[in-house]
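Down below is the structure, laid out as structure tokens.
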Amino acid sequence: MKTLRYHFTVAACALLCMAQGAFAQNLKLPAPSPTQTVKQDFALSSVEVNYSRPLVKGRKIMGDLVPYGKVWRTGANSATTITFGDDVKFGGKDVKAGKYGLLTIPGQSEWTVILTKDLDVTSPAAYKPENDVVRISVSPVDLPVDIESFMIMFDQVRSTSMNMMLLWERTGVPVEITADIDGKVMKQIDEAMKGEKKPYFAAANYYFENGKDLKQALAWVDAATKENPKAFYMFYLKARIQAKAGDKKGAKATAQQSIELSKEAKNDDYVALNNKLIATLD
């Protein structure tokens, strides 16, 4: 009888352990430092960052949890990586398109930001300086608000420049990223203008926004409006080109034309934009 009870107890324990193991395997809990992927369209492609977001949780971060003078993975859990779709300048230094590890060495008055060939650095011991691609020095800024979750974001995004911001606690670390794509775009425009369907409006807008030949920009926007005589936004661009070229009278007339077309299309935004443009021409 004792033997039977013993075997029954062993079997029951085994079944309980198996049940607990199966339950544990199916259990999904929220990550304490959730991962995030930030992808920003930039230049002719994009920049993408993959990282984890630890929280402050009432702790002192800079100079304590994140010590000064030591390599930091710039996040939590796995290594932080950044991928550039175009060749760029990262903090003023040339970087080829590709994927890199993103590391930092925090400091009170200066941070070192590192792009490395290694994509799996999660501790200072794993860091190999010989695999650095670039190293830049950046001055941190004091933030007016507390950032609870570590954050990497992009700010002041323009066609060829933007800032990558590292934000946590009350510290911000800005890194400028720029791209020289003018040669590629100009080549694309030249090739496209040889084709059957010519990108008149896009080409005119690029010339206007980037300080190119305004006469050529005006010729292209005229061609665009002939193909699209109701396109109020195209006439608005034409008015801006004329204003920039010094033709205030022509710009006013074109802006008024754009206003009338905008009213027909029930687009109050462009009515307002054209009125603001006209106000600058008085």
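The chains in the structure tokens are called A, B, ... from first to last as shown; in each chain the residues are counted from 1, and the ligands are counted from 1 in the order shown.
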
- Ser159 of chain A environment, 8 Å, only C-alpha atoms, sequence neighbours closer than 2 positions dropped, as an NGL selection string: :A and (42-43 or 157 or 161)

- Task: Please identify all polymer residues within 7 Å of segment 164-177 of chain A, counting only C-alpha atoms, omitting same-chain residues fewer than 2 positions from it, and present them as a PyMOL selection string.
- Result: chain A and resi 56+61+88-91+138-155+161-162

Resulting file, chosen residues, N, CA and C atoms, as a short mmCIF file (atom, residue, chain, number, x, y, z; two decimals), in the first residue's frame:
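Final file, again-v3.cif:
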data_model
loop_
_atom_site.label_atom_id
_atom_site.label_comp_id
_atom_site.auth_asym_id
_atom_site.auth_seq_id
_atom_site.Cartn_x
_atom_site.Cartn_y
_atom_site.Cartn_z
N VAL A 56 13.12 54.98 -16.44
CA VAL A 56 13.81 55.56 -15.29
C VAL A 56 13.43 54.82 -14.01
N ILE A 61 19.79 58.15 -13.51
CA ILE A 61 20.26 57.52 -14.75
C ILE A 61 21.68 57.96 -15.11
N VAL A 88 25.96 58.97 -46.05
CA VAL A 88 25.63 60.18 -45.28
C VAL A 88 26.88 60.72 -44.61
N LYS A 89 26.71 61.89 -44.01
CA LYS A 89 27.68 62.41 -43.07
C LYS A 89 27.03 62.32 -41.69
N PHE A 90 27.68 61.63 -40.79
CA PHE A 90 27.18 61.41 -39.44
C PHE A 90 28.01 62.26 -38.50
N GLY A 91 27.41 63.34 -38.01
CA GLY A 91 28.19 64.26 -37.20
C GLY A 91 29.34 64.86 -37.97
N VAL A 138 29.93 65.00 -29.05
CA VAL A 138 28.70 65.79 -29.04
C VAL A 138 28.48 66.37 -27.65
N SER A 139 28.05 67.61 -27.60
CA SER A 139 27.71 68.23 -26.32
C SER A 139 26.26 67.93 -25.97
N PRO A 140 26.00 67.36 -24.80
CA PRO A 140 24.62 67.10 -24.41
C PRO A 140 23.90 68.39 -24.04
N VAL A 141 22.57 68.35 -24.08
CA VAL A 141 21.76 69.52 -23.70
C VAL A 141 20.82 69.11 -22.58
N ASP A 142 20.51 70.09 -21.73
CA ASP A 142 19.55 69.85 -20.64
C ASP A 142 18.14 69.98 -21.18
N LEU A 143 17.29 69.02 -20.83
CA LEU A 143 15.90 69.03 -21.28
C LEU A 143 15.01 69.69 -20.23
N PRO A 144 13.97 70.38 -20.68
CA PRO A 144 13.07 71.05 -19.72
C PRO A 144 12.07 70.11 -19.08
N VAL A 145 11.98 68.88 -19.57
CA VAL A 145 11.03 67.90 -19.03
C VAL A 145 11.74 66.57 -18.81
N ASP A 146 11.14 65.73 -17.98
CA ASP A 146 11.69 64.40 -17.72
C ASP A 146 11.24 63.42 -18.80
N ILE A 147 12.17 62.66 -19.32
CA ILE A 147 11.86 61.60 -20.29
C ILE A 147 11.95 60.27 -19.55
N GLU A 148 10.82 59.63 -19.31
CA GLU A 148 10.78 58.39 -18.53
C GLU A 148 11.37 57.22 -19.29
N SER A 149 10.95 57.03 -20.53
CA SER A 149 11.46 55.93 -21.36
C SER A 149 12.54 56.44 -22.31
N PHE A 150 13.68 55.78 -22.30
CA PHE A 150 14.75 56.16 -23.22
C PHE A 150 14.20 56.22 -24.64
N MET A 151 14.59 57.25 -25.38
CA MET A 151 14.00 57.50 -26.70
C MET A 151 15.07 57.92 -27.71
N ILE A 152 14.96 57.35 -28.91
CA ILE A 152 15.74 57.80 -30.05
C ILE A 152 14.75 58.29 -31.10
N MET A 153 14.90 59.52 -31.55
CA MET A 153 13.97 60.09 -32.51
C MET A 153 14.72 60.98 -33.50
N PHE A 154 14.03 61.38 -34.55
CA PHE A 154 14.61 62.27 -35.55
C PHE A 154 13.83 63.58 -35.56
N ASP A 155 14.57 64.68 -35.64
CA ASP A 155 13.97 66.01 -35.54
C ASP A 155 14.54 66.91 -36.64
N SER A 161 19.03 66.97 -44.54
CA SER A 161 19.61 67.10 -43.20
C SER A 161 18.56 66.82 -42.14
N MET A 162 19.00 66.30 -41.01
CA MET A 162 18.12 66.09 -39.86
C MET A 162 18.99 65.82 -38.64
#

- Query: Skipping near chain neighbours, those fewer than 2 positions away, what residues fall within 8 Å of segment 28-35 of chain A using only C-alpha atoms, listed as a ChimeraX atom specification?
  - Reply: /A:26,37,50-55,76-77

- Pick out each residue of segment 30-105 of chain A that DSSP on the backbone tags as strand (DSSP E or B); I need them as an MDAnalysis selection string. chainID A and resid 35:42 45:52 55 62 66 72 81:84 88:90 93:95 98:105

- Message: Residues within 10 Å of Ile181 of chain A, please, as a list in words. Count only C-alpha atoms; anything in the same chain fewer than 3 positions from it doesn't count.
- Response: Ala43, Leu44, Asp86, Asp87, Val88, Ser159, Thr160, Thr178, Lys184, Val185 and Met186 of chain A

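Proximity to Asp132 of chain A at 12 Å, evaluated using only C-alpha atoms and with sequence-adjacent residues fewer than 2 positions away removed, yields A:Val95, A:Tyr100, A:Gly101, A:Leu102, A:Leu103, A:Thr104, A:Thr112, A:Val113, A:Ile114, A:Leu115, A:Thr116, A:Lys117, A:Asp118, A:Leu119, A:Val121, A:Tyr127, A:Lys128, A:Pro129, A:Glu130, A:Val134, A:Arg135, A:Ile136.
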
- Residues at most 12 Å from Lys276 of chain A, counting only C-alpha atoms, excluding those fewer than 5 positions away in the same chain, as a count of residues only? 12

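Atom CA of Gln257 of chain A sits 17.7 Å away from atom CA of Lys244 of chain A.
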